[in-house]
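Engineer: What follows is the file entry.tsv, containing TSV, C-alpha atoms (C1' of nucleotides):
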chain	number	residue	atom	x	y	z
Y	1	MET	CA	-5.60	182.93	-81.71
Y	2	LEU	CA	-8.48	181.47	-79.74
Y	3	LEU	CA	-8.20	177.89	-81.05
Y	4	SER	CA	-5.22	175.68	-81.77
Y	5	THR	CA	-5.26	172.98	-84.44
Y	6	LYS	CA	-6.71	170.64	-81.81
Y	7	GLY	CA	-9.92	172.61	-81.91
Y	8	GLU	CA	-9.82	173.31	-85.62
Y	9	TYR	CA	-9.10	169.73	-86.71
Y	10	GLY	CA	-11.36	168.26	-84.06
Y	11	VAL	CA	-14.36	170.23	-85.28
Y	12	ARG	CA	-13.53	169.21	-88.87
Y	13	CYS	CA	-13.51	165.55	-87.84
Y	14	MET	CA	-16.77	165.89	-85.95
Y	15	LEU	CA	-18.39	167.53	-88.94
Y	16	ASP	CA	-17.12	164.65	-91.06
Y	17	LEU	CA	-18.82	162.22	-88.67
Y	18	ALA	CA	-21.99	164.31	-88.83
Y	19	ILE	CA	-22.02	164.21	-92.62
Y	20	HIS	CA	-21.80	160.43	-92.50
Y	21	TYR	CA	-24.19	160.09	-89.58
Y	22	GLY	CA	-26.36	156.99	-89.87
Y	23	GLN	CA	-23.91	155.16	-92.10
Y	24	GLY	CA	-22.34	153.01	-89.37
Y	25	PRO	CA	-18.85	153.34	-87.90
Y	26	ILE	CA	-16.48	155.67	-89.75
Y	27	SER	CA	-12.82	154.71	-89.60
Y	28	ILE	CA	-10.03	157.12	-88.72
Y	29	ARG	CA	-8.33	156.07	-91.94
Y	30	ASP	CA	-11.21	157.41	-94.03
Y	31	ILE	CA	-11.46	160.64	-92.08
Y	32	SER	CA	-7.71	161.08	-92.33
Y	33	LYS	CA	-7.86	160.75	-96.12
Y	34	ARG	CA	-10.79	163.12	-96.53
Y	35	GLU	CA	-9.58	165.78	-94.12
Y	36	GLY	CA	-5.85	165.56	-94.77
Y	37	ILE	CA	-5.05	165.13	-91.08
Y	38	SER	CA	-2.66	162.44	-89.88
Y	39	LYS	CA	-4.18	159.24	-88.50
Y	40	ASN	CA	-2.10	159.46	-85.36
Y	41	TYR	CA	-3.19	162.98	-84.58
Y	42	ILE	CA	-6.85	162.17	-85.09
Y	43	GLU	CA	-6.51	159.29	-82.65
Y	44	GLN	CA	-5.28	161.76	-80.05
Y	45	LEU	CA	-8.19	164.10	-80.66
Y	46	PHE	CA	-10.70	161.26	-80.50
Y	47	VAL	CA	-9.46	160.24	-77.06
Y	48	ARG	CA	-10.68	163.59	-75.76
Y	49	LEU	CA	-13.93	163.49	-77.71
Y	50	ARG	CA	-14.63	159.99	-76.44
Y	51	HIS	CA	-13.96	160.95	-72.81
Y	52	ALA	CA	-16.34	163.87	-73.28
Y	53	LYS	CA	-18.97	161.35	-74.45
Y	54	LEU	CA	-19.43	163.00	-77.81
Y	55	ILE	CA	-18.36	159.96	-79.84
Y	56	LYS	CA	-18.13	156.24	-79.30
Y	57	SER	CA	-15.90	153.64	-80.90
Y	58	VAL	CA	-16.44	150.24	-82.44
Y	59	ARG	CA	-13.34	148.05	-82.47
Y	60	GLY	CA	-12.26	145.45	-84.93
Y	61	PRO	CA	-12.65	145.25	-88.73
Y	62	LYS	CA	-15.42	147.52	-90.07
Y	63	GLY	CA	-15.05	149.43	-86.84
Y	64	GLY	CA	-14.63	153.12	-86.39
Y	65	TYR	CA	-16.29	156.03	-84.65
Y	66	LEU	CA	-19.84	157.33	-84.40
Y	67	LEU	CA	-21.48	160.36	-82.89
Y	68	ILE	CA	-23.22	159.44	-79.64
Y	69	SER	CA	-26.05	161.95	-80.21
Y	70	GLN	CA	-27.79	163.29	-83.26
Y	71	PRO	CA	-25.93	166.10	-85.03
Y	72	ARG	CA	-28.59	168.57	-83.98
Y	73	ARG	CA	-27.89	167.78	-80.33
Y	74	ILE	CA	-24.16	168.50	-80.58
Y	75	LYS	CA	-23.10	172.11	-80.16
Y	76	ILE	CA	-19.79	173.31	-81.55
Y	77	GLY	CA	-19.10	174.71	-78.10
Y	78	ASP	CA	-19.24	171.19	-76.63
Y	79	VAL	CA	-16.76	169.96	-79.22
Y	80	VAL	CA	-14.35	172.85	-78.78
Y	81	ARG	CA	-14.44	172.68	-74.99
Y	82	ALA	CA	-13.80	168.92	-75.07
Y	83	LEU	CA	-10.73	169.50	-77.19
Y	84	GLU	CA	-9.28	172.70	-75.80
Y	85	GLY	CA	-10.61	172.87	-72.28
Y	86	PRO	CA	-12.69	175.81	-71.07
Y	87	ILE	CA	-12.86	178.65	-73.60
Y	88	ALA	CA	-12.11	182.05	-72.13
Y	89	ALA	CA	-10.68	185.42	-73.11
Y	90	ILE	CA	-8.01	185.22	-70.39
Y	91	ARG	CA	-7.13	182.86	-67.57
Y	92	CYS	CA	-8.70	184.74	-64.67
Y	93	VAL	CA	-12.17	184.12	-66.14
Y	94	GLN	CA	-11.74	180.32	-66.08
Y	95	PRO	CA	-9.05	179.64	-63.48
Y	96	GLN	CA	-7.34	176.29	-64.15
Y	97	ASN	CA	-5.04	176.36	-61.15
Y	98	SER	CA	-4.33	178.47	-58.10
Y	99	LYS	CA	-1.95	180.87	-59.84
Y	100	ASP	CA	-4.77	181.93	-62.19
Y	101	LEU	CA	-6.78	183.18	-59.25
Y	102	CYS	CA	-6.91	186.95	-58.93
Y	103	GLU	CA	-7.71	188.57	-55.61
Y	104	ARG	CA	-9.09	191.73	-57.25
Y	105	ILE	CA	-11.67	189.81	-59.22
Y	106	SER	CA	-14.78	191.10	-57.44
Y	107	THR	CA	-13.93	194.78	-57.98
Y	108	CYS	CA	-12.02	194.58	-61.27
Y	109	VAL	CA	-13.39	196.42	-64.29
Y	110	LEU	CA	-11.25	194.35	-66.59
Y	111	TYR	CA	-12.66	191.14	-65.21
Y	112	ILE	CA	-16.09	192.42	-66.21
Y	113	LEU	CA	-14.85	193.05	-69.75
Y	114	TRP	CA	-13.11	189.69	-70.12
Y	115	LYS	CA	-16.14	187.93	-68.69
Y	116	ARG	CA	-18.45	189.67	-71.14
Y	117	LEU	CA	-16.17	188.70	-74.02
Y	118	THR	CA	-15.90	185.11	-72.81
Y	119	ASP	CA	-19.67	184.80	-72.54
Y	120	LYS	CA	-20.12	186.16	-76.05
Y	121	ILE	CA	-17.61	183.67	-77.48
Y	122	ASN	CA	-19.32	180.72	-75.85
Y	123	GLU	CA	-22.68	182.06	-76.97
Y	124	VAL	CA	-21.59	182.00	-80.61
Y	125	LEU	CA	-20.09	178.52	-80.29
Y	126	ASP	CA	-23.17	177.18	-78.51
Y	127	SER	CA	-25.63	178.62	-81.00
Y	128	THR	CA	-24.29	176.41	-83.79
Y	129	THR	CA	-24.79	172.66	-84.02
Y	130	LEU	CA	-23.24	170.07	-86.28
Y	131	GLU	CA	-26.56	169.77	-88.08
Y	132	GLY	CA	-26.63	173.50	-88.63
Y	133	LEU	CA	-23.25	173.32	-90.29
Y	134	CYS	CA	-24.34	170.39	-92.45
Y	135	ARG	CA	-27.33	172.40	-93.66
Y	136	GLU	CA	-25.24	175.47	-94.40
Y	137	GLY	CA	-22.79	173.26	-96.25
Y	138	MET	CA	-25.53	171.77	-98.40
Y	139	LYS	CA	-26.72	175.23	-99.32
Y	140	LEU	CA	-23.19	176.23	-100.30
Y	141	SER	CA	-22.62	173.19	-102.50
Y	142	LYS	CA	-25.99	173.44	-104.27
Y	143	HIS	CA	-24.65	176.50	-105.98
Y	144	ARG	CA	-21.75	174.54	-107.39
Y	145	LEU	CA	-22.89	170.97	-107.88
Y	146	ALA	CA	-25.77	169.05	-109.37
Y	147	HIS	CA	-26.09	166.93	-106.23
Y	148	PRO	CA	-25.67	168.45	-102.81
Y	149	LEU	CA	-23.47	165.91	-101.06
Y	150	PRO	CA	-20.67	165.29	-100.29
Y	151	PHE	CA	-19.70	168.88	-99.78
Y	152	GLN	CA	-16.41	170.42	-98.85
Y	153	ILE	CA	-15.90	171.21	-95.18
O	1	MET	CA	-7.20	181.28	-74.17
O	2	LEU	CA	-7.65	184.19	-76.53
O	3	LEU	CA	-5.11	186.52	-74.90
O	4	SER	CA	-1.68	185.93	-73.41
O	5	THR	CA	-0.26	188.03	-70.59
O	6	LYS	CA	1.00	190.45	-73.22
O	7	GLY	CA	-2.59	191.46	-73.93
O	8	GLU	CA	-3.73	191.22	-70.34
O	9	TYR	CA	-0.85	193.22	-68.82
O	10	GLY	CA	-0.77	195.66	-71.73
O	11	VAL	CA	-4.42	196.58	-71.27
O	12	ARG	CA	-3.82	196.95	-67.53
O	13	CYS	CA	-0.96	199.37	-68.20
O	14	MET	CA	-3.00	201.35	-70.72
O	15	LEU	CA	-5.84	201.64	-68.24
O	16	ASP	CA	-3.32	202.85	-65.67
O	17	LEU	CA	-2.21	205.56	-68.12
O	18	ALA	CA	-5.85	206.45	-68.74
O	19	ILE	CA	-6.55	206.83	-65.03
O	20	HIS	CA	-3.63	209.24	-64.77
O	21	TYR	CA	-4.41	210.96	-68.05
O	22	GLY	CA	-3.67	214.70	-67.91
O	23	GLN	CA	-1.13	214.33	-65.08
O	24	GLY	CA	1.99	214.47	-67.26
O	25	PRO	CA	4.32	211.60	-68.07
O	26	ILE	CA	3.84	208.43	-66.02
O	27	SER	CA	7.00	206.42	-65.40
O	28	ILE	CA	7.28	202.69	-65.94
O	29	ARG	CA	8.56	202.43	-62.40
O	30	ASP	CA	5.27	203.76	-61.02
O	31	ILE	CA	3.15	201.58	-63.26
O	32	SER	CA	5.28	198.57	-62.34
O	33	LYS	CA	4.68	199.20	-58.63
O	34	ARG	CA	0.95	199.74	-58.99
O	35	GLU	CA	0.28	196.84	-61.35
O	36	GLY	CA	2.80	194.37	-59.99
O	37	ILE	CA	4.33	193.76	-63.41
O	38	SER	CA	8.09	193.77	-63.90
O	39	LYS	CA	9.67	196.96	-65.26
O	40	ASN	CA	11.48	195.05	-67.97
O	41	TYR	CA	8.36	193.37	-69.24
O	42	ILE	CA	6.40	196.61	-69.34
O	43	GLU	CA	9.19	198.15	-71.41
O	44	GLN	CA	8.72	195.38	-73.95
O	45	LEU	CA	4.98	195.91	-74.09
O	46	PHE	CA	5.42	199.67	-74.48
O	47	VAL	CA	7.65	199.20	-77.53
O	48	ARG	CA	4.66	197.68	-79.32
O	49	LEU	CA	2.21	200.26	-78.03
O	50	ARG	CA	4.53	203.06	-79.10
O	51	HIS	CA	4.97	201.61	-82.60
O	52	ALA	CA	1.19	201.40	-82.84
O	53	LYS	CA	1.06	205.12	-81.98
O	54	LEU	CA	-1.09	204.59	-78.92
O	55	ILE	CA	1.43	206.06	-76.47
O	56	LYS	CA	4.41	208.40	-76.64
O	57	SER	CA	7.45	208.69	-74.40
O	58	VAL	CA	9.21	211.57	-72.69
O	59	ARG	CA	12.83	210.89	-71.79
O	60	GLY	CA	14.90	212.14	-68.90
O	61	PRO	CA	14.01	212.82	-65.26
O	62	LYS	CA	10.29	213.30	-64.71
O	63	GLY	CA	9.83	211.50	-68.01
O	64	GLY	CA	7.58	208.57	-68.73
O	65	TYR	CA	4.73	207.65	-71.02
O	66	LEU	CA	1.48	209.28	-72.06
O	67	LEU	CA	-1.50	208.28	-74.11
O	68	ILE	CA	-1.36	209.93	-77.53
O	69	SER	CA	-5.15	210.31	-77.76
O	70	GLN	CA	-7.87	210.90	-75.22
O	71	PRO	CA	-9.01	207.77	-73.37
O	72	ARG	CA	-12.36	207.93	-75.13
O	73	ARG	CA	-10.61	207.66	-78.50
O	74	ILE	CA	-8.72	204.49	-77.60
O	75	LYS	CA	-10.57	201.22	-78.13
O	76	ILE	CA	-9.52	198.11	-76.23
O	77	GLY	CA	-9.42	196.37	-79.60
O	78	ASP	CA	-6.66	198.75	-80.74
O	79	VAL	CA	-4.64	198.01	-77.65
O	80	VAL	CA	-5.07	194.26	-77.86
O	81	ARG	CA	-4.27	194.11	-81.57
O	82	ALA	CA	-1.14	196.22	-81.04
O	83	LEU	CA	0.07	193.77	-78.43
O	84	GLU	CA	-1.04	190.42	-79.79
O	85	GLY	CA	-1.36	190.98	-83.51
O	86	PRO	CA	-4.64	190.37	-85.34
O	87	ILE	CA	-7.30	188.77	-83.14
O	88	ALA	CA	-9.01	185.79	-84.72
O	89	ALA	CA	-10.72	182.54	-83.77
O	90	ILE	CA	-8.29	180.50	-85.88
O	91	ARG	CA	-5.43	181.23	-88.27
O	92	CYS	CA	-7.28	180.84	-91.59
O	93	VAL	CA	-9.39	183.90	-90.78
O	94	GLN	CA	-6.34	186.17	-90.41
O	95	PRO	CA	-3.56	184.45	-92.38
O	96	GLN	CA	-0.14	185.56	-91.09
O	97	ASN	CA	1.90	183.60	-93.61
O	98	SER	CA	1.44	181.37	-96.62
O	99	LYS	CA	0.92	178.17	-94.66
O	100	ASP	CA	-2.17	179.68	-93.00
O	101	LEU	CA	-3.84	180.04	-96.38
O	102	CYS	CA	-6.60	177.53	-97.06
O	103	GLU	CA	-7.69	176.74	-100.58
O	104	ARG	CA	-11.20	175.71	-99.52
O	105	ILE	CA	-11.89	179.05	-97.92
O	106	SER	CA	-14.53	180.27	-100.37
O	107	THR	CA	-16.75	177.20	-99.98
O	108	CYS	CA	-15.99	176.25	-96.39
O	109	VAL	CA	-18.81	176.23	-93.85
O	110	LEU	CA	-16.35	176.30	-91.01
O	111	TYR	CA	-14.67	179.38	-92.37
O	112	ILE	CA	-18.04	181.09	-92.14
O	113	LEU	CA	-18.37	180.06	-88.51
O	114	TRP	CA	-14.84	181.12	-87.53
O	115	LYS	CA	-15.28	184.40	-89.35
O	116	ARG	CA	-18.55	185.11	-87.55
O	117	LEU	CA	-16.88	184.36	-84.21
O	118	THR	CA	-13.86	186.51	-85.04
O	119	ASP	CA	-16.07	189.44	-86.01
O	120	LYS	CA	-18.02	189.12	-82.78
O	121	ILE	CA	-14.84	189.12	-80.69
O	122	ASN	CA	-13.50	192.25	-82.36
O	123	GLU	CA	-16.91	193.85	-82.02
O	124	VAL	CA	-16.84	193.41	-78.25
O	125	LEU	CA	-13.27	194.67	-77.98
O	126	ASP	CA	-13.98	197.68	-80.19
O	127	SER	CA	-17.14	198.69	-78.36
O	128	THR	CA	-15.18	199.43	-75.18
O	129	THR	CA	-12.83	202.39	-74.72
O	130	LEU	CA	-10.36	203.22	-71.98
O	131	GLU	CA	-12.68	205.98	-70.85
O	132	GLY	CA	-15.57	203.54	-70.65
O	133	LEU	CA	-13.52	201.32	-68.35
O	134	CYS	CA	-12.54	204.31	-66.20
O	135	ARG	CA	-16.20	205.19	-65.77
O	136	GLU	CA	-17.19	201.66	-64.91
O	137	GLY	CA	-14.31	201.53	-62.43
O	138	MET	CA	-15.48	204.71	-60.74
O	139	LYS	CA	-18.94	203.29	-60.36
O	140	LEU	CA	-17.53	200.13	-58.82
O	141	SER	CA	-15.38	201.96	-56.30
O	142	LYS	CA	-18.13	204.36	-55.25
O	143	HIS	CA	-19.80	201.42	-53.59
O	144	ARG	CA	-16.75	200.76	-51.47
O	145	LEU	CA	-15.01	204.05	-50.88
O	146	ALA	CA	-15.82	207.57	-49.79
O	147	HIS	CA	-13.87	209.03	-52.73
O	148	PRO	CA	-14.05	207.44	-56.13
O	149	LEU	CA	-10.40	207.38	-57.17
O	150	PRO	CA	-7.93	205.73	-57.34
O	151	PHE	CA	-9.78	202.53	-57.98
O	152	GLN	CA	-8.57	199.01	-58.41
O	153	ILE	CA	-8.14	197.85	-61.97
L	1	DA	C1'	-5.60	132.54	-87.59
L	2	DC	C1'	-5.61	136.84	-89.72
L	3	DA	C1'	-6.37	141.45	-90.70
L	4	DA	C1'	-8.58	145.64	-89.58
L	5	DA	C1'	-9.29	148.70	-86.53
L	6	DT	C1'	-9.08	151.03	-82.01
L	7	DC	C1'	-6.27	152.18	-77.82
L	8	DT	C1'	-2.37	153.76	-74.95
L	9	DG	C1'	1.64	155.91	-73.48
L	10	DA	C1'	6.01	157.64	-74.40
L	11	DC	C1'	8.60	160.63	-76.90
L	12	DT	C1'	10.16	164.92	-79.44
L	13	DA	C1'	11.04	168.98	-82.46
L	14	DA	C1'	9.45	173.50	-82.99
L	15	DT	C1'	7.29	177.46	-81.42
L	16	DT	C1'	5.52	180.67	-78.24
L	17	DT	C1'	5.38	182.63	-73.89
L	18	DT	C1'	7.20	185.05	-70.27
L	19	DG	C1'	10.14	187.00	-68.93
L	20	DT	C1'	15.57	188.67	-67.46
L	21	DC	C1'	19.76	191.20	-68.26
L	22	DA	C1'	23.14	194.44	-69.85
L	23	DA	C1'	24.53	198.21	-72.19
L	24	DG	C1'	23.34	201.83	-74.26
L	25	DT	C1'	20.92	207.04	-75.33
L	26	DA	C1'	18.41	211.28	-74.17
L	27	DT	C1'	17.33	214.93	-71.17
L	28	DA	C1'	15.85	217.69	-67.14
L	29	DA	C1'	17.43	219.44	-63.00
L	30	DA	C1'	21.01	220.74	-59.76
M	1	DT	C1'	28.38	220.56	-66.92
M	2	DT	C1'	27.55	216.92	-64.17
M	3	DT	C1'	24.39	213.59	-62.64
M	4	DA	C1'	20.52	211.03	-61.89
M	5	DT	C1'	16.44	209.52	-64.11
M	6	DA	C1'	14.17	207.26	-67.43
M	7	DC	C1'	13.56	205.50	-71.95
M	8	DT	C1'	15.65	202.16	-75.73
M	9	DT	C1'	17.50	198.19	-77.79
M	10	DG	C1'	18.98	193.69	-78.47
M	11	DA	C1'	20.44	189.40	-76.74
M	12	DC	C1'	19.44	185.66	-74.04
M	13	DA	C1'	16.85	181.79	-71.82
M	14	DA	C1'	13.75	178.85	-68.95
M	15	DA	C1'	9.22	177.02	-69.15
M	16	DA	C1'	5.10	175.81	-71.30
M	17	DT	C1'	2.45	174.63	-75.18
M	18	DT	C1'	1.75	172.93	-79.70
M	19	DA	C1'	1.72	169.68	-83.01
M	20	DG	C1'	2.58	166.07	-83.90
M	21	DT	C1'	5.24	160.86	-84.40
M	22	DC	C1'	5.95	156.15	-83.09
M	23	DA	C1'	5.67	151.58	-81.17
M	24	DG	C1'	3.13	148.31	-79.47
M	25	DA	C1'	-1.09	146.32	-77.23
M	26	DT	C1'	-5.89	145.09	-77.59
M	27	DT	C1'	-10.24	143.89	-79.71
M	28	DT	C1'	-13.08	141.67	-82.99
M	29	DG	C1'	-15.27	140.35	-87.56
M	30	DT	C1'	-14.38	137.02	-91.24
Could you rewrite the structure in this file as structure tokens?

Structural biologist:
Amino acid sequence: MLLSTKGEYGVRCMLDLAIHYGQGPISIRDISKREGISKNYIEQLFVRLRHAKLIKSVRGPKGGYLLISQPRRIKIGDVVRALEGPIAAIRCVQPQNSKDLCERISTCVLYILWKRLTDKINEVLDSTTLEGLCREGMKLSKHRLAHPLPFQI
Amino acid sequence: MLLSTKGEYGVRCMLDLAIHYGQGPISIRDISKREGISKNYIEQLFVRLRHAKLIKSVRGPKGGYLLISQPRRIKIGDVVRALEGPIAAIRCVQPQNSKDLCERISTCVLYILWKRLTDKINEVLDSTTLEGLCREGMKLSKHRLAHPLPFQI
DNA sequence: ACAAATCTGACTAATTTTGTCAAGTATAAA
DNA sequence: TTTATACTTGACAAAATTAGTCAGATTTGT
């Protein structure tokens, strides 16, 4: 599996923030209820998203989290990479430490394959934005509901 | 990371068999030396590849393993799936057990995204064969060596 | 002051990964 | 027929990662 629940849940939470974009700070408690993800775990995910400057927090009562940029400026690739680290087919394409380094890299046919795959993955993730998902979601729910929002994510 | 060392090493070993295709059974001992992967671990990988009917074994002295089909008939996707199980972006796209099942699946925008990504990944893996890699490898080594084989993989 | 919310770090159970090891079985060659 | 070679199987285990939980501190609006 390419993504762990960190990536999966994190993207869900970010989409939740995108859906409520412009409505002021959204609390973890609300997101937790809507998404069925534990408050504590969301806090952990939001630490990473905050460090990556994708969200910001407002403390105190009526506080919560907001997207730093507009949903159309936030690529799913940015979100996933903030949560999971660099996305790659195998380690040698995105070496994290010295033991990932491979001395054959420059002449290795498999490196070429894994690199091509890695690029394709990131291409797909970077060609979708939070806004794009919101729009697709609205289309989906129009078929089922009288009013388009809120839709299931 | 999409693949663990099971997938990485397994593909390396299969490419090694492809390079020596037509030369009779290749022993694990030889592959182990060439690829720098422990004999015991290769044995484990080959159990899966044999069950998937990608390789067959010949016992006794001068025994070893052979590809069942021609290198051009073996897609990297087949190899990877034999070693790692179904390849997917996240679990809900390829549910392995009941807890992976998601009741929102039919109306979920994220499912659409993860499915699209999963399809793209398998597309890349299935568009490359062992023979294709052999050819690319020969091209690479021609630039460095007087004779094209054996090349580094 | 109080309550609502974020923030931080420590902790942990479960699972997966990445192997090792030992004791077989099958078979070709001497 | 003996023997060495090589595959075969299953058990075991250390290390890393995953998927969280928990306690407590901090901030701030009312």

Engineer: Could you tell me which residues of chain O sit within 12 Å of chain M when counting only C-alpha atoms (C1' of nucleotides), and give me the result as a list in words?

Structural biologist: Met1, Pro25, Ile26, Ser27, Ile28, Arg29, Asp30, Lys39, Asn40, Ile42, Glu43, Gln44, Phe46, Val47, Arg50, Lys56, Ser57, Val58, Arg59, Gly60, Pro61, Lys62, Gly63, Gly64 and Tyr65 of chain O

Engineer: Write down, as a ChimeraX atom specification, each residue of chain L that has any atom within 12 Å of an atom of chain O, counting all atoms listed in the file.

Structural biologist: /L:16-22,25-30

Engineer: Could you take the residues named above and write them with C-alpha atoms (C1' of nucleotides), as a PDB file, keeping the file's coordinate frame?

Structural biologist:
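Dumped everything to result_4.pdb:
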ATOM      1  C1'  DT L  16       5.520 180.670 -78.240  1.00  0.00           C
ATOM      2  C1'  DT L  17       5.380 182.630 -73.890  1.00  0.00           C
ATOM      3  C1'  DT L  18       7.200 185.050 -70.270  1.00  0.00           C
ATOM      4  C1'  DG L  19      10.140 187.000 -68.930  1.00  0.00           C
ATOM      5  C1'  DT L  20      15.570 188.670 -67.460  1.00  0.00           C
ATOM      6  C1'  DC L  21      19.760 191.200 -68.260  1.00  0.00           C
ATOM      7  C1'  DA L  22      23.140 194.440 -69.850  1.00  0.00           C
ATOM      8  C1'  DT L  25      20.920 207.040 -75.330  1.00  0.00           C
ATOM      9  C1'  DA L  26      18.410 211.280 -74.170  1.00  0.00           C
ATOM     10  C1'  DT L  27      17.330 214.930 -71.170  1.00  0.00           C
ATOM     11  C1'  DA L  28      15.850 217.690 -67.140  1.00  0.00           C
ATOM     12  C1'  DA L  29      17.430 219.440 -63.000  1.00  0.00           C
ATOM     13  C1'  DA L  30      21.010 220.740 -59.760  1.00  0.00           C
TER      14       DA L  30
END

Engineer: Do me a favour and pick out the residues of chain O within 7 Å of chain Y, using all atoms listed in the file, as a ChimeraX atom specification.

Structural biologist: /O:1-3,87-91,107-110,117,121,124,133,136-137,140,152-153

Engineer: State, in Å with one decimal place, the distance from atom CA of O:Leu66 to atom CA of O:Ile37.

Structural biologist: 18.0 Å

Engineer: State, in Å with one decimal place, the distance from atom CA of O:Glu103 to atom CA of Y:Val79.

Structural biologist: 24.2 Å

Engineer: Interatomic distance between atom CA of Y:Ile31 and atom CA of Y:Leu17?

Structural biologist: 8.3 Å
